[in-house]
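query-v2.txt, holding compact mmCIF, C-alpha atoms:
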# COMPACT_ATOMS: atom_id res chain seq x y z
CA MET A 192 7.17 14.38 28.30
CA ALA A 193 5.48 11.32 29.73
CA ARG A 194 2.23 10.01 28.36
CA ASN A 195 -0.26 7.20 28.56
CA ASP A 196 -0.15 5.49 25.16
CA HIS A 197 -2.88 2.95 25.90
CA ARG A 198 -5.94 5.14 25.49
CA THR A 199 -8.75 3.59 23.52
CA ARG A 200 -11.91 5.26 22.29
CA SER A 201 -13.80 7.08 25.12
CA GLU A 202 -10.92 6.75 27.58
CA ILE A 203 -8.79 9.50 29.12
CA GLU A 204 -5.22 10.17 27.97
CA VAL A 205 -2.78 12.39 29.85
CA LEU A 206 0.19 14.21 28.32
CA THR A 207 2.58 15.23 31.11
CA PHE A 208 5.41 17.75 30.89
CA GLY A 209 7.96 18.73 33.50
CA CYS A 210 8.68 17.57 37.03
CA ARG A 211 7.88 14.57 39.19
CA LEU A 212 5.19 16.58 40.95
CA ASN A 213 3.43 17.02 37.62
CA ALA A 214 3.64 13.26 37.02
CA TYR A 215 2.00 12.67 40.40
CA GLU A 216 -0.68 15.26 39.74
CA SER A 217 -1.44 13.80 36.33
CA GLU A 218 -2.71 10.68 38.08
CA ILE A 219 -4.99 12.85 40.21
CA MET A 220 -6.17 14.75 37.15
CA LYS A 221 -7.13 11.51 35.45
CA ASP A 222 -9.05 10.33 38.53
CA GLN A 223 -10.88 13.65 38.87
CA ALA A 224 -11.74 13.77 35.17
CA LYS A 225 -13.18 10.26 35.46
CA ALA A 226 -15.20 11.37 38.48
CA ALA A 227 -16.55 14.23 36.35
CA GLY A 228 -17.78 11.74 33.75
CA LEU A 229 -15.26 12.51 30.99
CA ALA A 230 -14.42 8.85 30.47
CA SER A 231 -17.91 8.46 29.03
CA LEU A 232 -17.36 10.94 26.20
CA GLU A 233 -17.61 8.95 22.98
CA ASP A 234 -14.60 10.52 21.27
CA GLY A 235 -12.31 10.55 24.27
CA THR A 236 -10.59 13.16 26.42
CA ILE A 237 -6.98 14.33 26.40
CA LEU A 238 -5.58 16.12 29.46
CA VAL A 239 -2.41 18.18 28.97
CA ASN A 240 -0.45 18.93 32.15
CA THR A 241 2.00 21.67 31.15
CA CYS A 242 5.31 22.95 32.52
CA ALA A 243 6.41 26.60 32.63
CA VAL A 244 10.03 26.26 33.70
CA THR A 245 11.35 27.24 30.25
CA ALA A 246 9.97 28.76 27.07
CA GLU A 247 10.95 25.52 25.35
CA ALA A 248 8.65 23.56 27.68
CA VAL A 249 5.75 25.81 26.67
CA ARG A 250 6.60 25.39 22.99
CA GLN A 251 6.68 21.61 23.35
CA ALA A 252 3.28 21.61 25.05
CA ARG A 253 1.74 23.65 22.25
CA GLN A 254 3.30 21.36 19.66
CA ALA A 255 1.93 18.28 21.46
CA ILE A 256 -1.55 19.82 21.61
CA ARG A 257 -1.57 20.43 17.86
CA LYS A 258 -0.41 16.87 17.22
CA ALA A 259 -3.04 15.48 19.59
CA ARG A 260 -5.77 17.38 17.73
CA ARG A 261 -4.58 16.10 14.35
CA GLN A 262 -4.60 12.53 15.64
CA ASN A 263 -7.86 12.90 17.60
CA PRO A 264 -10.00 15.45 15.73
CA ASP A 265 -13.11 14.89 17.87
CA ALA A 266 -11.57 14.41 21.31
CA ARG A 267 -11.95 16.99 24.09
CA ILE A 268 -8.59 18.58 24.92
CA ILE A 269 -8.20 20.15 28.37
CA VAL A 270 -5.04 22.06 29.26
CA SER A 271 -3.77 22.80 32.76
CA GLY A 272 -0.49 22.91 34.67
CA CYS A 273 2.02 25.67 35.37
CA ALA A 274 2.17 27.09 31.85
CA ALA A 275 -1.62 27.20 31.63
CA GLN A 276 -1.63 29.07 34.96
CA THR A 277 1.00 31.63 33.95
CA GLU A 278 -0.01 31.96 30.28
CA PRO A 279 -3.72 31.10 30.07
CA ALA A 280 -4.27 33.14 26.91
CA THR A 281 -1.45 31.29 25.13
CA PHE A 282 -3.49 28.10 25.33
CA GLY A 283 -6.95 29.66 25.34
CA ASP A 284 -6.25 31.19 21.95
CA MET A 285 -5.40 27.80 20.45
CA PRO A 286 -8.36 26.48 18.41
CA GLU A 287 -7.29 22.94 19.29
CA VAL A 288 -8.03 23.52 23.00
CA ASP A 289 -11.50 23.04 24.49
CA LEU A 290 -10.83 24.12 28.07
CA VAL A 291 -8.04 25.74 30.11
CA ILE A 292 -8.15 25.30 33.88
CA GLY A 293 -5.88 26.56 36.65
CA ASN A 294 -3.18 24.63 38.44
CA HIS A 295 -5.20 24.32 41.64
CA ASP A 296 -8.52 23.51 39.99
CA LYS A 297 -7.01 20.72 37.88
CA LEU A 298 -7.19 18.55 41.01
CA LYS A 299 -10.97 19.02 41.37
CA ALA A 300 -13.64 17.02 39.55
CA SER A 301 -15.86 20.13 39.40
CA ALA A 302 -13.38 21.88 37.10
CA TYR A 303 -13.74 19.23 34.41
CA ARG A 304 -17.51 19.68 34.33
CA ALA A 305 -16.88 23.11 32.77
CA LEU A 306 -16.44 21.62 29.31
CA PRO A 307 -18.67 23.28 26.68
CA ASP A 308 -20.45 19.92 26.33
CA PHE A 309 -21.50 20.28 29.97
CA GLY A 310 -23.30 23.57 29.49
CA VAL A 311 -20.55 26.24 29.41
CA ASN A 312 -20.35 28.59 26.44
CA SER A 313 -17.28 27.99 24.26
CA THR A 314 -16.15 31.60 24.72
CA GLU A 315 -15.64 30.90 28.45
CA LYS A 316 -13.11 28.13 27.99
CA VAL A 317 -10.36 29.78 30.07
CA ARG A 318 -11.01 29.09 33.76
CA VAL A 319 -7.85 30.13 35.62
CA ASN A 320 -8.06 31.53 39.16
CA ASP A 321 -5.63 33.62 41.22
CA ILE A 322 -3.16 30.99 42.39
CA MET A 323 -1.83 33.34 45.08
CA SER A 324 -5.21 33.17 46.81
CA VAL A 325 -4.87 29.43 47.41
CA ARG A 326 -4.03 28.69 51.04
CA GLU A 327 -4.11 24.91 51.32
CA THR A 328 -2.72 21.87 49.53
CA ALA A 329 -5.28 19.10 49.27
CA ALA A 330 -4.20 15.70 50.51
CA HIS A 331 -4.89 13.76 47.34
CA MET A 332 -4.29 10.04 47.43
CA VAL A 333 -2.98 8.08 44.46
CA ASP A 334 -3.32 4.37 45.14
CA THR A 335 -1.40 3.36 42.02
CA MET A 336 1.02 5.01 39.62
CA ASP A 337 0.58 3.60 36.14
CA GLY A 338 3.49 1.38 35.16
CA ARG A 339 5.63 2.26 38.17
CA ALA A 340 7.00 0.34 41.13
CA ARG A 341 7.48 3.45 43.25
CA ALA A 342 4.84 5.89 44.42
CA PHE A 343 4.93 9.64 45.03
CA ILE A 344 3.34 11.62 47.83
CA GLN A 345 2.88 15.34 47.38
CA VAL A 346 3.73 16.86 50.76
CA GLN A 347 4.05 20.49 49.69
CA ASN A 348 3.11 22.86 46.89
CA GLY A 349 4.04 26.39 45.92
CA CYS A 350 7.07 28.49 46.83
CA ASP A 351 7.64 31.58 48.99
CA HIS A 352 11.02 32.35 47.41
CA ARG A 353 11.43 34.56 44.39
CA CYS A 354 14.48 33.42 42.46
CA THR A 355 14.99 35.91 39.67
CA PHE A 356 14.87 33.31 36.88
CA CYS A 357 11.83 31.38 38.09
CA ILE A 358 8.20 31.73 37.01
CA ILE A 359 7.03 28.71 39.01
CA PRO A 360 5.72 30.61 42.10
CA PHE A 361 3.27 32.34 39.77
CA GLY A 362 2.18 28.95 38.48
CA ARG A 363 2.01 27.23 41.86
CA GLY A 364 1.30 30.00 44.37
CA ASN A 365 2.72 30.39 47.86
CA SER A 366 4.12 27.48 49.87
CA ARG A 367 1.49 25.16 51.37
CA SER A 368 2.10 21.96 53.34
CA VAL A 369 0.08 18.77 53.75
CA PRO A 370 -0.28 17.90 57.47
CA ALA A 371 2.06 15.17 58.71
CA GLY A 372 -0.70 12.82 59.82
CA VAL A 373 -2.23 12.80 56.37
CA VAL A 374 1.14 12.10 54.75
CA VAL A 375 1.83 9.19 57.11
CA GLU A 376 -1.62 7.76 56.39
CA GLN A 377 -0.97 7.97 52.65
CA ALA A 378 2.39 6.26 53.06
CA GLN A 379 0.82 3.38 54.95
CA ARG A 380 -1.89 2.92 52.32
CA LEU A 381 0.69 2.86 49.55
CA VAL A 382 2.72 0.23 51.39
CA ASP A 383 -0.47 -1.76 51.97
CA ASN A 384 -1.04 -1.59 48.19
CA GLY A 385 2.32 -3.21 47.54
CA PHE A 386 4.68 -0.30 46.89
CA LEU A 387 8.21 -0.79 48.16
CA GLU A 388 9.47 2.76 47.60
CA ILE A 389 7.91 6.16 48.25
CA VAL A 390 9.17 9.54 47.05
CA LEU A 391 8.15 12.70 48.90
CA THR A 392 7.75 15.49 46.41
CA GLY A 393 6.86 19.16 46.22
CA VAL A 394 7.83 22.43 44.58
CA ASP A 395 10.05 23.50 47.49
CA THR A 396 10.02 20.30 49.52
CA THR A 397 12.47 21.42 52.21
CA SER A 398 10.14 24.30 53.14
CA TRP A 399 7.55 21.76 54.31
CA GLY A 400 5.96 22.73 57.62
CA ASN A 401 6.68 26.47 57.60
CA ASP A 402 2.97 27.22 57.29
CA LEU A 403 1.77 24.55 59.76
CA PRO A 404 1.14 25.09 63.50
CA GLY A 405 4.40 24.83 65.40
CA LYS A 406 6.43 25.03 62.17
CA PRO A 407 7.56 21.38 62.05
CA THR A 408 10.48 20.59 59.76
CA LEU A 409 10.81 18.19 56.86
CA GLY A 410 13.12 16.11 59.04
CA THR A 411 10.36 15.52 61.58
CA LEU A 412 8.02 14.45 58.78
CA VAL A 413 10.55 12.00 57.35
CA ARG A 414 11.30 10.63 60.79
CA SER A 415 7.57 10.16 61.48
CA ILE A 416 7.05 8.22 58.23
CA LEU A 417 9.94 5.87 58.93
CA ASP A 418 8.87 5.33 62.56
CA ARG A 419 5.14 4.93 61.92
CA VAL A 420 5.37 2.94 58.68
CA PRO A 421 8.01 0.38 59.70
CA ASP A 422 7.25 -1.95 56.78
CA LEU A 423 8.21 0.70 54.18
CA PRO A 424 11.53 -0.53 52.73
CA ARG A 425 12.64 2.59 50.84
CA LEU A 426 12.01 6.32 51.18
CA ARG A 427 13.34 9.13 48.98
CA LEU A 428 13.06 12.88 48.60
CA SER A 429 12.69 14.68 45.30
CA SER A 430 14.80 17.78 44.63
CA ILE A 431 15.77 19.65 47.80
CA ASP A 432 17.39 22.94 48.75
CA SER A 433 20.42 21.90 50.81
CA ILE A 434 20.59 25.20 52.72
CA GLU A 435 17.16 24.36 54.22
CA VAL A 436 18.06 20.85 55.44
CA ASP A 437 17.36 20.76 59.19
CA GLU A 438 19.34 18.81 61.79
CA VAL A 439 16.76 16.05 62.12
CA LEU A 440 16.72 15.47 58.36
CA ALA A 441 20.52 15.46 58.22
CA ASP A 442 20.60 12.83 60.98
CA VAL A 443 18.02 10.68 59.16
CA ILE A 444 19.96 10.89 55.89
CA ALA A 445 23.16 9.93 57.67
CA THR A 446 21.89 7.06 59.82
CA GLU A 447 18.68 5.57 58.42
CA SER A 448 19.27 2.70 56.00
CA ARG A 449 15.70 2.87 54.68
CA PHE A 450 16.33 6.43 53.51
CA MET A 451 17.97 6.03 50.12
CA PRO A 452 21.50 7.47 49.71
CA HIS A 453 20.76 9.82 46.82
CA LEU A 454 19.89 13.52 47.00
CA HIS A 455 19.08 15.78 44.08
CA LEU A 456 20.13 19.32 44.96
CA SER A 457 18.76 22.59 43.65
CA LEU A 458 22.21 24.16 43.16
CA GLN A 459 21.57 26.10 39.91
CA HIS A 460 25.09 27.58 39.70
CA GLY A 461 28.62 27.42 41.07
CA ASP A 462 29.53 31.13 41.14
CA ASP A 463 28.69 33.32 44.13
CA LEU A 464 27.91 36.50 42.19
CA ILE A 465 25.56 34.67 39.83
CA LEU A 466 23.92 32.97 42.82
CA LYS A 467 23.28 36.42 44.30
CA ARG A 468 21.85 37.65 41.02
CA MET A 469 19.64 34.56 40.95
CA LYS A 470 18.54 35.49 44.49
CA ARG A 471 19.50 32.07 45.76
CA ARG A 472 19.96 31.56 49.50
CA HIS A 473 23.20 29.59 49.43
CA SER A 474 26.79 30.20 48.40
CA ARG A 475 29.16 27.97 46.47
CA GLU A 476 30.91 27.05 49.72
CA ASP A 477 27.58 26.16 51.35
CA SER A 478 26.94 23.56 48.65
CA ILE A 479 30.43 22.08 48.80
CA ARG A 480 30.37 21.92 52.58
CA PHE A 481 26.96 20.21 52.63
CA CYS A 482 28.07 17.51 50.21
CA GLN A 483 31.32 16.91 52.05
CA GLU A 484 29.65 16.74 55.46
CA MET A 485 26.91 14.38 54.34
CA ARG A 486 29.39 12.15 52.53
CA SER A 487 31.59 12.00 55.63
CA ARG A 488 28.57 10.83 57.64
CA ARG A 489 27.25 8.47 54.97
CA PRO A 490 30.00 7.43 52.55
CA ASP A 491 27.68 5.73 50.04
CA ILE A 492 25.57 8.83 49.40
CA ILE A 493 25.67 10.41 45.93
CA PHE A 494 24.35 13.71 44.66
CA GLY A 495 22.57 15.00 41.60
CA ALA A 496 21.90 18.66 40.86
CA ASP A 497 20.04 21.16 38.73
CA LEU A 498 22.43 23.53 36.95
CA ILE A 499 21.63 26.50 34.73
CA ALA A 500 23.96 27.45 31.87
CA GLY A 501 24.15 30.96 30.45
CA PHE A 502 22.43 33.00 33.14
CA PRO A 503 22.49 36.73 32.28
CA THR A 504 25.89 38.39 32.90
CA GLU A 505 27.63 34.99 33.22
CA THR A 506 31.27 35.36 32.18
CA ASP A 507 33.62 32.59 31.11
CA ALA A 508 35.15 32.56 34.59
CA MET A 509 31.73 32.36 36.24
CA PHE A 510 30.78 29.47 34.00
CA GLU A 511 34.03 27.70 34.90
CA ASN A 512 32.92 27.87 38.53
CA THR A 513 29.81 25.91 37.60
CA LEU A 514 31.88 23.36 35.71
CA SER A 515 34.23 22.97 38.66
CA ILE A 516 31.48 22.52 41.22
CA ILE A 517 30.63 19.20 39.56
CA ASP A 518 33.93 17.84 40.81
CA ALA A 519 33.95 19.85 44.05
CA CYS A 520 30.61 18.35 45.08
CA ASP A 521 31.27 15.05 43.27
CA LEU A 522 27.96 15.31 41.42
CA THR A 523 26.75 12.25 39.54
CA HIS A 524 23.27 12.92 38.11
CA LEU A 525 22.95 16.32 36.38
CA HIS A 526 19.87 18.12 35.09
CA VAL A 527 21.24 20.89 32.87
CA PHE A 528 19.02 23.77 31.80
CA PRO A 529 20.07 26.32 29.17
CA PHE A 530 18.90 29.66 30.56
CA SER A 531 15.55 30.65 29.10
CA PRO A 532 14.16 34.12 29.92
CA ARG A 533 10.62 33.94 31.27
CA GLU A 534 8.53 37.07 30.78
CA GLY A 535 7.67 38.63 34.12
CA THR A 536 10.83 37.54 35.93
CA PRO A 537 13.68 39.92 36.91
CA ALA A 538 16.25 37.80 35.04
CA ALA A 539 14.41 38.44 31.77
CA ARG A 540 15.27 42.14 32.15
CA MET A 541 18.98 41.53 32.76
CA PRO A 542 21.62 41.69 29.98
CA GLN A 543 21.20 38.44 28.04
CA LEU A 544 23.90 36.21 26.58
CA GLU A 545 23.88 35.08 22.97
CA ARG A 546 21.81 31.93 22.49
CA SER A 547 24.76 30.24 20.81
CA THR A 548 26.89 30.84 23.92
CA ILE A 549 24.16 29.50 26.19
CA LYS A 550 23.78 26.35 24.10
CA GLN A 551 27.53 25.82 23.96
CA ARG A 552 27.88 26.12 27.74
CA ALA A 553 24.92 23.81 28.34
CA ALA A 554 26.54 21.24 26.05
CA LEU A 555 29.81 21.49 28.00
CA LEU A 556 27.97 20.94 31.28
CA ARG A 557 26.14 17.94 29.88
CA ARG A 558 29.37 16.40 28.60
CA ARG A 559 31.02 16.90 31.99
CA GLY A 560 27.96 15.33 33.59
CA GLU A 561 28.14 12.35 31.26
CA VAL A 562 31.76 11.78 32.23
CA ALA A 563 30.87 11.96 35.93
CA PHE A 564 28.00 9.52 35.49
CA LYS A 565 30.13 7.03 33.55
CA ASP A 566 32.77 7.24 36.27
CA HIS A 567 30.04 6.41 38.78
CA LEU A 568 28.91 3.42 36.73
CA ARG A 569 32.46 2.09 36.53
CA SER A 570 32.87 2.51 40.29
CA LEU A 571 29.99 0.08 40.84
CA GLU A 572 31.56 -2.86 39.01
CA GLY A 573 32.10 -5.75 41.37
CA LYS A 574 29.74 -4.30 44.00
CA THR A 575 26.35 -5.65 45.10
CA VAL A 576 23.36 -3.31 45.07
CA ASN A 577 19.66 -3.72 45.80
CA VAL A 578 17.57 -2.97 42.74
CA LEU A 579 13.92 -1.97 42.89
CA VAL A 580 12.68 -3.65 39.70
CA GLU A 581 10.24 -1.50 37.76
CA ARG A 582 9.76 -3.45 34.55
CA ASN A 583 11.51 -5.96 32.29
CA SER A 584 14.29 -6.82 34.76
CA SER A 585 15.29 -3.15 35.02
CA GLY A 586 15.07 -0.67 37.84
CA HIS A 587 17.08 1.57 40.14
CA SER A 588 19.55 0.92 42.93
CA GLU A 589 19.57 2.64 46.31
CA GLN A 590 21.63 5.44 44.72
CA PHE A 591 19.01 5.82 41.96
CA THR A 592 21.40 4.34 39.44
CA PRO A 593 19.60 2.62 36.55
CA VAL A 594 20.38 -1.11 36.56
CA ARG A 595 19.55 -3.88 34.08
CA ILE A 596 19.51 -7.37 35.56
CA ASP A 597 20.70 -10.09 33.20
CA GLY A 598 19.52 -13.53 34.18
CA SER A 599 17.84 -16.69 33.01
CA VAL A 600 14.34 -15.39 33.78
CA GLU A 601 12.69 -11.99 33.44
CA ILE A 602 12.08 -10.19 36.74
CA ASN A 603 9.11 -7.86 36.88
CA ALA A 604 8.86 -6.90 40.54
CA GLY A 605 10.58 -6.80 43.88
CA ILE A 606 13.85 -5.63 45.36
CA VAL A 607 16.61 -7.83 43.98
CA SER A 608 20.15 -8.12 45.30
CA THR A 609 22.32 -7.66 42.22
CA ARG A 610 26.05 -7.91 41.60
CA ILE A 611 27.20 -5.32 39.06
CA VAL A 612 29.35 -6.88 36.35
CA GLY A 613 29.48 -4.12 33.74
CA GLN A 614 27.89 -1.01 32.27
CA ASP A 615 27.03 0.45 28.88
CA GLY A 616 27.59 4.13 29.62
CA ARG A 617 23.97 4.71 30.59
CA THR A 618 23.01 1.75 32.75
CA ALA A 619 24.75 -0.60 35.17
CA ILE A 620 24.45 -4.28 34.26
CA GLY A 621 24.28 -6.98 36.90
CA HIS A 622 23.42 -10.54 37.79
CA PRO A 623 20.91 -11.45 40.52
CA VAL A 624 22.57 -12.72 43.68
CA VAL A 625 19.49 -14.16 45.36
CA MET A 626 16.12 -14.63 43.75
CA ASN A 627 13.29 -16.84 44.93
CA SER A 628 10.46 -18.23 42.84
CA ASP A 629 8.05 -15.55 44.06
CA THR A 630 10.21 -12.78 42.59
CA ALA A 631 10.46 -14.10 39.04
CA ASN A 632 7.53 -13.09 36.84
CA ALA A 633 5.66 -11.50 39.75
CA PRO A 634 3.05 -8.86 38.80
CA MET A 635 4.17 -5.24 38.67
CA LEU A 636 3.99 -3.72 42.12
CA GLY A 637 1.13 -1.31 42.49
CA ALA A 638 -0.61 -2.48 39.33
CA ALA A 639 -4.35 -2.66 39.46

As structure tokens, the full file:
Amino acid sequence: MARNDHRTRSEIEVLTFGCRLNAYESEIMKDQAKAAGLASLEDGTILVNTCAVTAEAVRQARQAIRKARRQNPDARIIVSGCAAQTEPATFGDMPEVDLVIGNHDKLKASAYRALPDFGVNSTEKVRVNDIMSVRETAAHMVDTMDGRARAFIQVQNGCDHRCTFCIIPFGRGNSRSVPAGVVVEQAQRLVDNGFLEIVLTGVDTTSWGNDLPGKPTLGTLVRSILDRVPDLPRLRLSSIDSIEVDEVLADVIATESRFMPHLHLSLQHGDDLILKRMKRRHSREDSIRFCQEMRSRRPDIIFGADLIAGFPTETDAMFENTLSIIDACDLTHLHVFPFSPREGTPAARMPQLERSTIKQRAALLRRRGEVAFKDHLRSLEGKTVNVLVERNSSGHSEQFTPVRIDGSVEINAGIVSTRIVGQDGRTAIGHPVVMNSDTANAPMLGAA
């Protein structure tokens, strides 16, 4: 969970759970709540942007809401996000909550005017619409991202696929794309505001364009941004589905130096039968082939992946196939999820594994991932990387590797050429190669 810990009396605090898209949308929520006048409430406002990907994520959100009420007994607490969309009664029944709004309406100032203080009866505090009726994704602009050197652009929302384990389509609705021209305009504005890196994000980012006239591909969008915003130094994608990568995008990844050499893949599993039961659209061999082909075209590229441990019917041999795909794809950054049945999904009705087995397998995956990441850190020693500094002389390299820069002065902004001299198991450690006086102690990029 991310949060803004600098709220003072009558300001707006946001508690964010889940994905990068939620982090982006939390900034919009704050702006829209301010536009609705909530910053003027004497006792403050707390927005909770929930995640529905696992039952644990829902539990954590409820726990955070209770804690927020204890610490802020008179504040207004408004809950939204995917879990609020899929389980509105879960949050509406909490006495700590003043208002529950849907995942689409959370991006509208009008939704925040529905607080009881603004004339709505307290018994009507759940305001969640039919997310499947939403047909467009608004082109919201976030000029700054609090405390960050990179900015995110939401290019897509929703999902047309129905993976058997996933509740997210019912929290986000069907796939909707932001038109390319609007995305390019946002990218230029962010660069004009001082950002040096932009991340394109969505729920199913590689499906971008399927609902637009002419069905443009994500590759054409990425190519347009790089061509039409030539002063953008670094561009990334959030999690992608490799089976949907089009030829133009593959060419950009392979040949464009401003496109960062790190892809996070939505693999989920390494066994073909489990992938079929998940209703995924790729096979084990598809994933391995994609990683091998992209690495042959761009040798410095590295891959992260989402992996689920303990999916229903998973045998020891099937699990071993997930363990082995870490090496087969040479994965470096892992997001491991213990399977969590979500009510309303087909996987919740399948034969379940014991929770102890699921936890054990998740722990094995995480340990294997830690070994892979440490191997990656060691492989960087003696090499020079370019680090986008985010705060306190720390940031991320082109491969999204965390790097701490040790030097005589603190660096707070910029892209710094850094020679890696060591690592601590979690972060690469380096010394600046070239640094001018404008880089040292510069203000945080994108800060107001």

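The nearest approach to Gly364 of chain A among the residues A:Leu568, A:Cys273, A:Leu381, A:Ala563, with only C-alpha atoms taken into account, belongs to A:Cys273.
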
- Query: Excluding same-chain residues fewer than 4 positions from Asp597 of chain A, what lies within 12 Å of it counting all atoms listed in the file, as a list of chain:residue names?
  - Reply: A:Asn583, A:Ser584, A:Ser585, A:Gly586, A:Glu601, A:Ile602, A:Val607, A:Thr609, A:Arg610, A:Ile611, A:Val612, A:Gly613, A:Gln614, A:Ala619, A:Ile620, A:Gly621, A:His622, A:Pro623, A:Val624

- Message: Within 12 Å of (30.2, 29.4, 50.9) (file coordinates; only C-alpha atoms), which protein or nucleic acid residues are there? I'd like them as a ChimeraX atom specification.
- Response: /A:434,461-464,466-467,472-481,516

- Go through A:Arg367, A:Arg540, A:Arg250, A:Arg557 one by one, measure the shortest atom-to-atom distance of each to Leu498 of chain A using all atoms listed in the file, and give the residue with the smallest value. A:Arg557

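With atom CA of Tyr215 of chain A on one side and atom CA of Asn294 of chain A on the other, the separation reads 13.2 Å.
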
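Nearest to Cys354 of chain A of all the residues A:Gly535, A:Gly605, A:Gly393, A:Pro407 is A:Gly535, based on all atoms listed in the file.
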
Please produce segment 351-367 of chain A, completed to N, CA and C atoms, as a short mmCIF file (atom, residue, chain, number, x, y, z; two decimals), keeping the file's coordinate frame.
data_model
loop_
_atom_site.label_atom_id
_atom_site.label_comp_id
_atom_site.auth_asym_id
_atom_site.auth_seq_id
_atom_site.Cartn_x
_atom_site.Cartn_y
_atom_site.Cartn_z
N ASP A 351 7.61 30.21 48.45
CA ASP A 351 7.64 31.58 48.99
C ASP A 351 8.87 32.35 48.54
N HIS A 352 9.81 31.68 47.87
CA HIS A 352 11.02 32.35 47.41
C HIS A 352 10.76 32.96 46.04
N ARG A 353 11.60 33.89 45.68
CA ARG A 353 11.43 34.56 44.39
C ARG A 353 12.76 34.62 43.66
N CYS A 354 13.26 33.46 43.26
CA CYS A 354 14.48 33.42 42.46
C CYS A 354 14.24 34.20 41.17
N THR A 355 15.22 34.95 40.75
CA THR A 355 14.99 35.91 39.67
C THR A 355 14.72 35.28 38.32
N PHE A 356 15.07 33.99 38.17
CA PHE A 356 14.87 33.31 36.88
C PHE A 356 13.57 32.51 36.83
N CYS A 357 12.87 32.41 37.96
CA CYS A 357 11.83 31.38 38.09
C CYS A 357 10.42 31.95 38.01
N ILE A 358 9.61 31.35 37.16
CA ILE A 358 8.20 31.73 37.01
C ILE A 358 7.29 30.83 37.83
N ILE A 359 7.85 29.75 38.38
CA ILE A 359 7.03 28.71 39.01
C ILE A 359 6.16 29.22 40.17
N PRO A 360 6.62 30.14 41.04
CA PRO A 360 5.72 30.61 42.10
C PRO A 360 4.42 31.20 41.55
N PHE A 361 4.47 31.76 40.36
CA PHE A 361 3.27 32.34 39.77
C PHE A 361 2.40 31.27 39.11
N GLY A 362 2.96 30.08 38.96
CA GLY A 362 2.18 28.95 38.48
C GLY A 362 1.67 28.07 39.59
N ARG A 363 2.35 28.12 40.74
CA ARG A 363 2.01 27.23 41.86
C ARG A 363 1.49 27.96 43.09
N GLY A 364 1.75 29.26 43.20
CA GLY A 364 1.30 30.00 44.37
C GLY A 364 2.30 29.92 45.51
N ASN A 365 1.86 30.39 46.68
CA ASN A 365 2.72 30.39 47.86
C ASN A 365 2.83 28.99 48.46
N SER A 366 3.84 28.80 49.30
CA SER A 366 4.12 27.48 49.87
C SER A 366 2.98 27.03 50.78
N ARG A 367 2.55 25.76 50.56
CA ARG A 367 1.49 25.16 51.37
C ARG A 367 1.87 23.72 51.66
#
